[in-house]
>>> print(open('target-v5.json').read())   # JSON, C-alpha atoms
[["chain", "number", "residue", "atom", "x", "y", "z"],
["A", 1, "MET", "CA", 12.43, -2.23, -16.01],
["A", 2, "GLU", "CA", 9.10, -3.45, -17.36],
["A", 3, "ARG", "CA", 6.16, -1.08, -17.43],
["A", 4, "VAL", "CA", 4.43, -0.98, -14.05],
["A", 5, "GLY", "CA", 0.74, -0.67, -13.24],
["A", 6, "VAL", "CA", -0.33, 0.51, -9.80],
["A", 7, "ILE", "CA", -3.61, -0.32, -8.05],
["A", 8, "ILE", "CA", -4.27, 1.90, -5.04],
["A", 9, "VAL", "CA", -7.09, 0.47, -2.95],
["A", 10, "ALA", "CA", -8.95, 3.23, -1.10],
["A", 11, "GLY", "CA", -12.30, 1.71, -0.27],
["A", 12, "GLY", "CA", -12.36, 2.13, 3.50],
["A", 13, "THR", "CA", -15.04, 4.06, 5.33],
["A", 14, "GLY", "CA", -12.62, 5.34, 7.97],
["A", 15, "THR", "CA", -14.79, 4.34, 10.91],
["A", 16, "ARG", "CA", -11.82, 3.63, 13.21],
["A", 17, "CYS", "CA", -10.39, 7.09, 12.60],
["A", 18, "GLY", "CA", -13.63, 8.96, 13.10],
["A", 19, "GLY", "CA", -13.84, 12.40, 11.51],
["A", 20, "ALA", "CA", -16.20, 13.90, 8.98],
["A", 21, "VAL", "CA", -14.67, 12.15, 5.96],
["A", 22, "PRO", "CA", -12.98, 8.77, 5.43],
["A", 23, "LYS", "CA", -9.31, 8.86, 6.39],
["A", 24, "GLN", "CA", -8.04, 8.52, 2.81],
["A", 25, "PHE", "CA", -9.52, 11.97, 2.08],
["A", 26, "ALA", "CA", -8.35, 13.68, 5.27],
["A", 27, "LEU", "CA", -5.52, 16.18, 5.02],
["A", 28, "LEU", "CA", -1.97, 15.20, 5.91],
["A", 29, "GLY", "CA", 0.55, 18.01, 5.68],
["A", 30, "GLY", "CA", -1.93, 20.06, 3.68],
["A", 31, "MET", "CA", -2.67, 17.30, 1.12],
["A", 32, "PRO", "CA", -5.25, 14.50, 1.13],
["A", 33, "VAL", "CA", -3.75, 11.23, 2.32],
["A", 34, "LEU", "CA", -4.76, 9.52, -0.92],
["A", 35, "ALA", "CA", -3.16, 12.28, -3.02],
["A", 36, "ARG", "CA", 0.10, 11.74, -1.16],
["A", 37, "THR", "CA", -0.06, 8.00, -1.78],
["A", 38, "ILE", "CA", -0.62, 8.58, -5.50],
["A", 39, "GLY", "CA", 2.27, 11.03, -5.54],
["A", 40, "CYS", "CA", 4.65, 8.49, -4.02],
["A", 41, "PHE", "CA", 4.19, 6.20, -7.02],
["A", 42, "ALA", "CA", 4.18, 8.95, -9.62],
["A", 43, "LYS", "CA", 7.57, 10.06, -8.27],
["A", 44, "ALA", "CA", 9.04, 6.58, -7.81],
["A", 45, "LEU", "CA", 7.81, 5.08, -11.09],
["A", 46, "PRO", "CA", 7.43, 7.80, -13.75],
["A", 47, "GLY", "CA", 5.14, 6.64, -16.54],
["A", 48, "ALA", "CA", 3.37, 4.04, -14.41],
["A", 49, "SER", "CA", -0.37, 3.60, -14.97],
["A", 50, "ILE", "CA", -2.10, 4.40, -11.68],
["A", 51, "VAL", "CA", -5.63, 3.23, -10.89],
["A", 52, "VAL", "CA", -7.37, 4.34, -7.70],
["A", 53, "VAL", "CA", -10.18, 2.06, -6.58],
["A", 54, "LEU", "CA", -12.96, 3.81, -4.67],
["A", 55, "PRO", "CA", -16.51, 3.01, -3.58],
["A", 56, "ALA", "CA", -19.01, 4.39, -6.09],
["A", 57, "ALA", "CA", -20.42, 6.66, -3.37],
["A", 58, "HIS", "CA", -17.03, 8.40, -2.96],
["A", 59, "THR", "CA", -16.10, 8.93, -6.61],
["A", 60, "ALA", "CA", -17.73, 12.33, -7.12],
["A", 61, "PHE", "CA", -16.36, 13.58, -3.79],
["A", 62, "TRP", "CA", -12.85, 12.51, -4.80],
["A", 63, "HIS", "CA", -13.04, 14.23, -8.19],
["A", 64, "ASN", "CA", -14.15, 17.45, -6.48],
["A", 65, "LEU", "CA", -11.37, 17.15, -3.93],
["A", 66, "CYS", "CA", -8.76, 16.53, -6.62],
["A", 67, "ALA", "CA", -9.71, 19.78, -8.32],
["A", 68, "ARG", "CA", -8.43, 21.67, -5.26],
["A", 69, "PHE", "CA", -4.98, 20.04, -5.18],
["A", 70, "ASP", "CA", -2.11, 19.12, -7.48],
["A", 71, "VAL", "CA", -2.75, 15.37, -7.73],
["A", 72, "ALA", "CA", -0.70, 13.17, -10.07],
["A", 73, "PRO", "CA", -2.57, 11.72, -13.08],
["A", 74, "HIS", "CA", -4.61, 8.60, -12.37],
["A", 75, "THR", "CA", -7.83, 6.86, -13.30],
["A", 76, "VAL", "CA", -10.61, 5.79, -10.95],
["A", 77, "ALA", "CA", -12.30, 2.39, -10.80],
["A", 78, "GLU", "CA", -15.25, 1.29, -8.71],
["A", 79, "GLY", "CA", -14.48, -0.98, -5.78],
["A", 80, "GLY", "CA", -16.36, -3.86, -4.21],
["A", 81, "GLU", "CA", -17.52, -4.90, -0.76],
["A", 82, "GLU", "CA", -14.26, -6.73, -0.04],
["A", 83, "ARG", "CA", -10.71, -5.71, -0.85],
["A", 84, "PHE", "CA", -10.43, -8.77, -3.11],
["A", 85, "PHE", "CA", -13.11, -7.41, -5.44],
["A", 86, "SER", "CA", -11.60, -3.93, -5.40],
["A", 87, "VAL", "CA", -8.24, -5.30, -6.56],
["A", 88, "ARG", "CA", -9.99, -7.32, -9.24],
["A", 89, "SER", "CA", -11.69, -4.13, -10.44],
["A", 90, "GLY", "CA", -8.31, -2.38, -10.51],
["A", 91, "LEU", "CA", -6.83, -5.21, -12.57],
["A", 92, "ALA", "CA", -9.56, -4.80, -15.16],
["A", 93, "ALA", "CA", -8.86, -1.06, -15.38],
["A", 94, "LEU", "CA", -5.13, -1.43, -16.10],
["A", 95, "PRO", "CA", -3.76, -1.59, -19.66],
["A", 96, "GLY", "CA", -2.95, -5.02, -21.03],
["A", 97, "ASP", "CA", 0.72, -4.31, -21.73],
["A", 98, "ILE", "CA", 1.72, -3.99, -18.07],
["A", 99, "GLY", "CA", 4.62, -6.18, -16.98],
["A", 100, "LEU", "CA", 4.46, -5.66, -13.20],
["A", 101, "ILE", "CA", 1.53, -4.73, -10.97],
["A", 102, "ALA", "CA", 1.83, -3.04, -7.58],
["A", 103, "VAL", "CA", -1.06, -3.11, -5.13],
["A", 104, "GLN", "CA", -1.01, -0.42, -2.47],
["A", 105, "ASP", "CA", -3.10, 0.65, 0.52],
["A", 106, "GLY", "CA", -4.56, 4.08, -0.11],
["A", 107, "VAL", "CA", -3.83, 5.12, 3.47],
["A", 108, "ARG", "CA", -0.14, 4.24, 3.37],
["A", 109, "PRO", "CA", 1.26, 7.58, 2.13],
["A", 110, "LEU", "CA", 4.83, 7.58, 3.46],
["A", 111, "GLY", "CA", 6.67, 4.98, 1.39],
["A", 112, "THR", "CA", 9.85, 6.37, -0.12],
["A", 113, "PRO", "CA", 10.66, 6.22, -3.85],
["A", 114, "GLN", "CA", 13.77, 4.21, -2.99],
["A", 115, "MET", "CA", 11.71, 1.51, -1.27],
["A", 116, "ILE", "CA", 9.13, 1.36, -4.07],
["A", 117, "ARG", "CA", 11.82, 0.98, -6.73],
["A", 118, "ARG", "CA", 13.60, -1.65, -4.65],
["A", 119, "ILE", "CA", 10.42, -3.72, -4.34],
["A", 120, "ALA", "CA", 9.71, -3.38, -8.06],
["A", 121, "ALA", "CA", 13.22, -4.58, -8.90],
["A", 122, "ALA", "CA", 12.80, -7.58, -6.59],
["A", 123, "ALA", "CA", 9.45, -8.43, -8.21],
["A", 124, "ALA", "CA", 11.02, -8.25, -11.67],
["A", 125, "GLU", "CA", 13.66, -10.73, -10.52],
["A", 126, "HIS", "CA", 11.55, -13.12, -8.43],
["A", 127, "GLY", "CA", 8.03, -12.70, -9.83],
["A", 128, "SER", "CA", 6.74, -11.27, -6.56],
["A", 129, "ALA", "CA", 7.94, -8.97, -3.81],
["A", 130, "VAL", "CA", 6.24, -8.27, -0.48],
["A", 131, "PRO", "CA", 7.77, -5.69, 1.88],
["A", 132, "VAL", "CA", 8.08, -6.72, 5.53],
["A", 133, "VAL", "CA", 9.71, -5.41, 8.70],
["A", 134, "GLU", "CA", 10.71, -7.26, 11.85],
["A", 135, "PRO", "CA", 8.49, -6.58, 14.87],
["A", 136, "ALA", "CA", 9.97, -4.75, 17.84],
["A", 137, "ASP", "CA", 7.33, -5.77, 20.41],
["A", 138, "SER", "CA", 6.91, -9.05, 22.22],
["A", 139, "TYR", "CA", 3.94, -11.25, 21.29],
["A", 140, "ARG", "CA", 1.80, -13.82, 23.04],
["A", 141, "LEU", "CA", -0.65, -16.24, 21.45],
["A", 142, "ALA", "CA", -3.92, -16.27, 23.38],
["A", 143, "ASP", "CA", -5.78, -19.56, 23.59],
["A", 144, "GLY", "CA", -8.91, -19.18, 25.71],
["A", 145, "SER", "CA", -7.86, -18.34, 29.27],
["A", 146, "ALA", "CA", -4.21, -19.23, 28.65],
["A", 147, "SER", "CA", -1.47, -17.71, 26.54],
["A", 148, "HIS", "CA", 2.12, -18.41, 25.59],
["A", 149, "PRO", "CA", 4.92, -16.35, 24.08],
["A", 150, "VAL", "CA", 5.65, -16.37, 20.37],
["A", 151, "ASP", "CA", 9.20, -16.10, 19.08],
["A", 152, "ARG", "CA", 9.13, -12.74, 17.32],
["A", 153, "ARG", "CA", 12.20, -13.72, 15.30],
["A", 154, "CYS", "CA", 9.81, -15.86, 13.25],
["A", 155, "LEU", "CA", 7.31, -13.02, 12.69],
["A", 156, "ARG", "CA", 7.20, -10.27, 10.09],
["A", 157, "ILE", "CA", 4.91, -7.25, 9.72],
["A", 158, "VAL", "CA", 3.57, -7.16, 6.18],
["A", 159, "GLN", "CA", 3.29, -3.88, 4.28],
["A", 160, "THR", "CA", 2.42, -2.63, 0.81],
["A", 161, "PRO", "CA", 3.12, -2.10, -2.04],
["A", 162, "GLN", "CA", 3.04, -5.77, -2.89],
["A", 163, "ILE", "CA", 4.32, -6.12, -6.43],
["A", 164, "PHE", "CA", 3.86, -9.09, -8.76],
["A", 165, "ARG", "CA", 4.44, -10.13, -12.32],
["A", 166, "ALA", "CA", 1.26, -9.08, -14.10],
["A", 167, "ASP", "CA", 0.34, -12.46, -15.57],
["A", 168, "LEU", "CA", 0.85, -14.16, -12.20],
["A", 169, "LEU", "CA", -1.40, -11.70, -10.33],
["A", 170, "ARG", "CA", -4.11, -11.73, -12.98],
["A", 171, "GLU", "CA", -4.16, -15.53, -12.93],
["A", 172, "ALA", "CA", -4.35, -15.61, -9.12],
["A", 173, "TYR", "CA", -7.34, -13.26, -9.05],
["A", 174, "ARG", "CA", -9.40, -15.50, -11.35],
["A", 175, "THR", "CA", -10.27, -17.63, -8.32],
["A", 176, "ASP", "CA", -13.33, -17.18, -6.13],
["A", 177, "TYR", "CA", -13.19, -14.98, -3.05],
["A", 178, "ARG", "CA", -12.29, -16.61, 0.27],
["A", 179, "PRO", "CA", -12.31, -14.98, 3.72],
["A", 180, "GLN", "CA", -8.69, -16.02, 4.31],
["A", 181, "PHE", "CA", -7.53, -13.66, 1.57],
["A", 182, "THR", "CA", -6.11, -10.88, 3.77],
["A", 183, "ASP", "CA", -3.81, -9.40, 1.14],
["A", 184, "ASP", "CA", -2.56, -10.03, -2.38],
["A", 185, "ALA", "CA", 0.23, -12.32, -1.22],
["A", 186, "SER", "CA", -2.37, -14.68, 0.28],
["A", 187, "VAL", "CA", -4.24, -14.79, -3.05],
["A", 188, "VAL", "CA", -1.05, -15.49, -4.98],
["A", 189, "GLU", "CA", 0.01, -18.21, -2.55],
["A", 190, "PHE", "CA", -3.42, -19.85, -2.82],
["A", 191, "ALA", "CA", -2.83, -20.04, -6.58],
["A", 192, "GLY", "CA", 0.31, -22.09, -5.89],
["A", 193, "HIS", "CA", 3.01, -19.45, -6.25],
["A", 194, "ALA", "CA", 5.78, -18.71, -3.77],
["A", 195, "VAL", "CA", 6.01, -15.19, -2.38],
["A", 196, "HIS", "CA", 9.34, -13.39, -2.07],
["A", 197, "LEU", "CA", 9.81, -11.22, 1.02],
["A", 198, "CYS", "CA", 11.92, -8.08, 0.86],
["A", 199, "GLU", "CA", 12.85, -5.24, 3.18],
["A", 200, "GLY", "CA", 10.16, -2.64, 3.88],
["A", 201, "GLU", "CA", 10.43, 0.56, 5.91],
["A", 202, "ARG", "CA", 9.35, 1.26, 9.49],
["A", 203, "GLN", "CA", 8.14, 4.69, 8.44],
["A", 204, "ASN", "CA", 5.86, 3.09, 5.83],
["A", 205, "LEU", "CA", 2.92, 3.71, 8.14],
["A", 206, "LYS", "CA", -0.65, 2.62, 7.45],
["A", 207, "ILE", "CA", -3.03, 5.21, 8.87],
["A", 208, "THR", "CA", -5.76, 3.39, 10.77],
["A", 209, "ALA", "CA", -6.33, 5.36, 13.99],
["A", 210, "PRO", "CA", -6.47, 9.07, 14.93],
["A", 211, "GLU", "CA", -3.05, 8.97, 16.61],
["A", 212, "ASP", "CA", -1.51, 7.75, 13.35],
["A", 213, "PHE", "CA", -2.11, 11.20, 11.85],
["A", 214, "ALA", "CA", 0.05, 12.79, 14.55],
["A", 215, "ILE", "CA", 2.83, 10.28, 13.87],
["A", 216, "ALA", "CA", 2.56, 10.80, 10.11],
["A", 217, "GLU", "CA", 2.66, 14.59, 10.48],
["A", 218, "ALA", "CA", 5.82, 14.30, 12.58],
["A", 219, "LEU", "CA", 7.46, 12.00, 10.03],
["A", 220, "LEU", "CA", 6.60, 14.40, 7.21],
["A", 221, "ALA", "CA", 7.96, 17.37, 9.14],
["A", 222, "ALA", "CA", 11.22, 15.51, 9.81],
["A", 223, "ARG", "CA", 11.58, 14.63, 6.13],
["A", 224, "GLU", "CA", 10.96, 18.20, 5.03],
["A", 225, "GLU", "CA", 13.47, 19.49, 7.57],
["A", 226, "ASN", "CA", 16.09, 17.02, 6.36],
["A", 227, "ALA", "CA", 15.41, 17.98, 2.76],
["A", 228, "TYR", "CA", 16.27, 21.60, 3.51],
["A", 229, "VAL", "CA", 19.42, 20.91, 5.49],
["A", 230, "GLN", "CA", 22.32, 22.63, 3.76],
["A", 231, "LEU", "CA", 25.84, 21.24, 3.81],
["A", 232, "PRO", "CA", 28.28, 23.55, 5.67],
["A", 233, "GLU", "CA", 30.39, 25.76, 3.50],
["A", 234, "GLU", "CA", 34.04, 24.83, 3.24]]
>>> encode(input="target-v5.json", output="structure tokens")
Amino acid sequence: MERVGVIIVAGGTGTRCGGAVPKQFALLGGMPVLARTIGCFAKALPGASIVVVLPAAHTAFWHNLCARFDVAPHTVAEGGEERFFSVRSGLAALPGDIGLIAVQDGVRPLGTPQMIRRIAAAAAEHGSAVPVVEPADSYRLADGSASHPVDRRCLRIVQTPQIFRADLLREAYRTDYRPQFTDDASVVEFAGHAVHLCEGERQNLKITAPEDFAIAEALLAAREENAYVQLPEE
């Protein structure tokens, strides 16, 4: 597979989660959330160049925090006011010989190596790969005082990492920022490129609210328990 660059966007202030520090720095299973996210990619894609994009005000705090934990090698770039500008900063920080680029939410620390490698393989084949899962809930579209149901079979929940051919993503990000750019797939589509959807994982949780930490802790505990299950002796 081509050499992969990884941009981990961790510019949030964590206001929805509360707490003394932004959620990407909070501990999950004894490790900072962001450190776990970095570790996912270091394990899944050995040799990948990993860039973490942070607000300038958080850089020194992150370096001090890293010194207390075993965090996989990475470089740090300064983010912008919008996610779009943070990704653009990450692109500039990656080496020029990268063939594929993955863009990942810093607070999505539970993606498995198998999923990450599967998305990278799909991106190498199709030029882009965006992980999605089918929704389990019912949905209604609200229009003023009225609403009507939406066929959930037509809906998909979009996750990260979103992985693209490097030249395609760099070209797409040469445009000007627009408010409708909600993720990298929307930027790439605006540039005129089709986006390939692939299977994500339901456990690929994005931590956005306090209760998400409880869910993530439970998922981690279940994984660790499964990892230590021994096969019965014959």
>>> closest_atom_pairs(input="target-v5.json", of="segment 182-219 of chain A", to="segment 118-131 of chain A", cutoff="12 Å", atoms="only C-alpha atoms", output="tab-separated table")
residue	atom	partner	partner_atom	distance
A:Asp183	CA	A:Val130	CA	10.2
A:Asp184	CA	A:Val130	CA	9.2
A:Ala185	CA	A:Val130	CA	7.3
A:Ser186	CA	A:Val130	CA	10.8
A:Val188	CA	A:Ser128	CA	9.0
A:Glu189	CA	A:Ser128	CA	10.5
A:His193	CA	A:Ser128	CA	9.0
A:Ala194	CA	A:Ser128	CA	8.0
A:Val195	CA	A:Ser128	CA	5.8
A:His196	CA	A:Ala129	CA	5.0
A:Leu197	CA	A:Val130	CA	4.9
A:Cys198	CA	A:Pro131	CA	4.9
A:Glu199	CA	A:Pro131	CA	5.3
A:Gly200	CA	A:Pro131	CA	4.4
A:Glu201	CA	A:Pro131	CA	7.9
A:Arg202	CA	A:Pro131	CA	10.4
A:Asn204	CA	A:Pro131	CA	9.8
>>> closest_residue(input="target-v5.json", among="A:Asp176, A:Glu225, A:Asp137, A:Asp105", to="Thr160 of chain A", atoms="only C-alpha atoms")
A:Asp105
>>> residues_around(input="target-v5.json", residues="Val6 of chain A", least_positions_apart="6", cutoff="12 Å", atoms="only C-alpha atoms", output="VMD selection string")
chain A and resid 37 to 42 44 to 53 73 to 76 87 90 to 95 98 to 106 116 120 160 to 166
>>> write_last_selection(input="target-v5.json", atoms="C-alpha atoms", output="PDB file, in the coordinates of the input")
ATOM      1  CA  THR A  37      -0.060   8.000  -1.780  1.00  0.00           C
ATOM      2  CA  ILE A  38      -0.620   8.580  -5.500  1.00  0.00           C
ATOM      3  CA  GLY A  39       2.270  11.030  -5.540  1.00  0.00           C
ATOM      4  CA  CYS A  40       4.650   8.490  -4.020  1.00  0.00           C
ATOM      5  CA  PHE A  41       4.190   6.200  -7.020  1.00  0.00           C
ATOM      6  CA  ALA A  42       4.180   8.950  -9.620  1.00  0.00           C
ATOM      7  CA  ALA A  44       9.040   6.580  -7.810  1.00  0.00           C
ATOM      8  CA  LEU A  45       7.810   5.080 -11.090  1.00  0.00           C
ATOM      9  CA  PRO A  46       7.430   7.800 -13.750  1.00  0.00           C
ATOM     10  CA  GLY A  47       5.140   6.640 -16.540  1.00  0.00           C
ATOM     11  CA  ALA A  48       3.370   4.040 -14.410  1.00  0.00           C
ATOM     12  CA  SER A  49      -0.370   3.600 -14.970  1.00  0.00           C
ATOM     13  CA  ILE A  50      -2.100   4.400 -11.680  1.00  0.00           C
ATOM     14  CA  VAL A  51      -5.630   3.230 -10.890  1.00  0.00           C
ATOM     15  CA  VAL A  52      -7.370   4.340  -7.700  1.00  0.00           C
ATOM     16  CA  VAL A  53     -10.180   2.060  -6.580  1.00  0.00           C
ATOM     17  CA  PRO A  73      -2.570  11.720 -13.080  1.00  0.00           C
ATOM     18  CA  HIS A  74      -4.610   8.600 -12.370  1.00  0.00           C
ATOM     19  CA  THR A  75      -7.830   6.860 -13.300  1.00  0.00           C
ATOM     20  CA  VAL A  76     -10.610   5.790 -10.950  1.00  0.00           C
ATOM     21  CA  VAL A  87      -8.240  -5.300  -6.560  1.00  0.00           C
ATOM     22  CA  GLY A  90      -8.310  -2.380 -10.510  1.00  0.00           C
ATOM     23  CA  LEU A  91      -6.830  -5.210 -12.570  1.00  0.00           C
ATOM     24  CA  ALA A  92      -9.560  -4.800 -15.160  1.00  0.00           C
ATOM     25  CA  ALA A  93      -8.860  -1.060 -15.380  1.00  0.00           C
ATOM     26  CA  LEU A  94      -5.130  -1.430 -16.100  1.00  0.00           C
ATOM     27  CA  PRO A  95      -3.760  -1.590 -19.660  1.00  0.00           C
ATOM     28  CA  ILE A  98       1.720  -3.990 -18.070  1.00  0.00           C
ATOM     29  CA  GLY A  99       4.620  -6.180 -16.980  1.00  0.00           C
ATOM     30  CA  LEU A 100       4.460  -5.660 -13.200  1.00  0.00           C
ATOM     31  CA  ILE A 101       1.530  -4.730 -10.970  1.00  0.00           C
ATOM     32  CA  ALA A 102       1.830  -3.040  -7.580  1.00  0.00           C
ATOM     33  CA  VAL A 103      -1.060  -3.110  -5.130  1.00  0.00           C
ATOM     34  CA  GLN A 104      -1.010  -0.420  -2.470  1.00  0.00           C
ATOM     35  CA  ASP A 105      -3.100   0.650   0.520  1.00  0.00           C
ATOM     36  CA  GLY A 106      -4.560   4.080  -0.110  1.00  0.00           C
ATOM     37  CA  ILE A 116       9.130   1.360  -4.070  1.00  0.00           C
ATOM     38  CA  ALA A 120       9.710  -3.380  -8.060  1.00  0.00           C
ATOM     39  CA  THR A 160       2.420  -2.630   0.810  1.00  0.00           C
ATOM     40  CA  PRO A 161       3.120  -2.100  -2.040  1.00  0.00           C
ATOM     41  CA  GLN A 162       3.040  -5.770  -2.890  1.00  0.00           C
ATOM     42  CA  ILE A 163       4.320  -6.120  -6.430  1.00  0.00           C
ATOM     43  CA  PHE A 164       3.860  -9.090  -8.760  1.00  0.00           C
ATOM     44  CA  ARG A 165       4.440 -10.130 -12.320  1.00  0.00           C
ATOM     45  CA  ALA A 166       1.260  -9.080 -14.100  1.00  0.00           C
TER      46      ALA A 166
END
>>> closest_residue(input="target-v5.json", among="A:Leu169, A:Val9, A:Ala35, A:Leu54", to="Ala191 of chain A", atoms="only C-alpha atoms")
A:Leu169
>>> atom_distance(input="target-v5.json", atom1="atom CA of Ala221 of chain A", atom2="atom CA of Gly30 of chain A")
11.6 Å
>>> closest_residue(input="target-v5.json", among="A:Asp143, A:Ala57, A:Thr175, A:Gln203", to="Ala222 of chain A", atoms="all atoms listed in the file")
A:Gln203
>>> atom_distance(input="target-v5.json", atom1="atom CA of Gly29 of chain A", atom2="atom CA of Phe61 of chain A")
19.9 Å
>>> atom_distance(input="target-v5.json", atom1="atom CA of His58 of chain A", atom2="atom CA of Phe25 of chain A")
9.7 Å
>>> closest_residue(input="target-v5.json", among="A:Ala60, A:Ile207, A:Leu219, A:Leu34", to="Ala72 of chain A", atoms="only C-alpha atoms")
A:Leu34
>>> decode(input="target-v5.json", residues="segment 155-200 of chain A", atoms="C-alpha atoms", output="mmCIF file, in the first residue's frame")
data_model
loop_
_atom_site.group_PDB
_atom_site.id
_atom_site.type_symbol
_atom_site.label_atom_id
_atom_site.label_comp_id
_atom_site.auth_asym_id
_atom_site.auth_seq_id
_atom_site.Cartn_x
_atom_site.Cartn_y
_atom_site.Cartn_z
ATOM 1 C CA LEU A 155 -29.634 7.624 5.460
ATOM 2 C CA ARG A 156 -26.107 6.902 6.627
ATOM 3 C CA ILE A 157 -24.178 8.098 9.680
ATOM 4 C CA VAL A 158 -20.809 9.426 8.550
ATOM 5 C CA GLN A 159 -17.657 8.677 10.527
ATOM 6 C CA THR A 160 -13.908 9.186 10.270
ATOM 7 C CA PRO A 161 -11.224 8.416 9.214
ATOM 8 C CA GLN A 162 -12.055 9.702 5.773
ATOM 9 C CA ILE A 163 -9.209 8.696 3.490
ATOM 10 C CA PHE A 164 -8.370 10.140 0.080
ATOM 11 C CA ARG A 165 -5.728 10.020 -2.579
ATOM 12 C CA ALA A 166 -3.281 12.735 -1.545
ATOM 13 C CA ASP A 167 -3.325 14.733 -4.785
ATOM 14 C CA LEU A 168 -7.135 14.714 -4.836
ATOM 15 C CA LEU A 169 -7.451 15.999 -1.252
ATOM 16 C CA ARG A 170 -4.754 18.644 -1.665
ATOM 17 C CA GLU A 171 -6.450 19.913 -4.816
ATOM 18 C CA ALA A 172 -9.858 20.034 -3.108
ATOM 19 C CA TYR A 173 -8.518 22.100 -0.207
ATOM 20 C CA ARG A 174 -7.181 24.823 -2.511
ATOM 21 C CA THR A 175 -10.703 26.258 -2.673
ATOM 22 C CA ASP A 176 -12.077 28.960 -0.390
ATOM 23 C CA TYR A 177 -13.879 28.036 2.811
ATOM 24 C CA ARG A 178 -17.661 27.630 2.673
ATOM 25 C CA PRO A 179 -20.031 27.044 5.618
ATOM 26 C CA GLN A 180 -21.465 23.933 3.927
ATOM 27 C CA PHE A 181 -18.132 22.144 4.325
ATOM 28 C CA THR A 182 -19.062 19.852 7.228
ATOM 29 C CA ASP A 183 -16.360 17.260 6.597
ATOM 30 C CA ASP A 184 -13.659 16.362 4.097
ATOM 31 C CA ALA A 185 -16.044 14.443 1.866
ATOM 32 C CA SER A 186 -18.077 17.624 1.337
ATOM 33 C CA VAL A 187 -14.926 19.512 0.304
ATOM 34 C CA VAL A 188 -13.913 16.766 -2.116
ATOM 35 C CA GLU A 189 -17.400 16.586 -3.620
ATOM 36 C CA PHE A 190 -17.438 20.362 -4.094
ATOM 37 C CA ALA A 191 -14.245 19.957 -6.131
ATOM 38 C CA GLY A 192 -16.149 17.640 -8.480
ATOM 39 C CA HIS A 193 -15.014 14.239 -7.232
ATOM 40 C CA ALA A 194 -17.254 11.321 -6.317
ATOM 41 C CA VAL A 195 -16.987 9.927 -2.793
ATOM 42 C CA HIS A 196 -16.897 6.190 -2.146
ATOM 43 C CA LEU A 197 -18.761 4.971 0.936
ATOM 44 C CA CYS A 198 -17.521 1.960 2.873
ATOM 45 C CA GLU A 199 -18.471 0.108 6.031
ATOM 46 C CA GLY A 200 -17.625 1.788 9.335
#
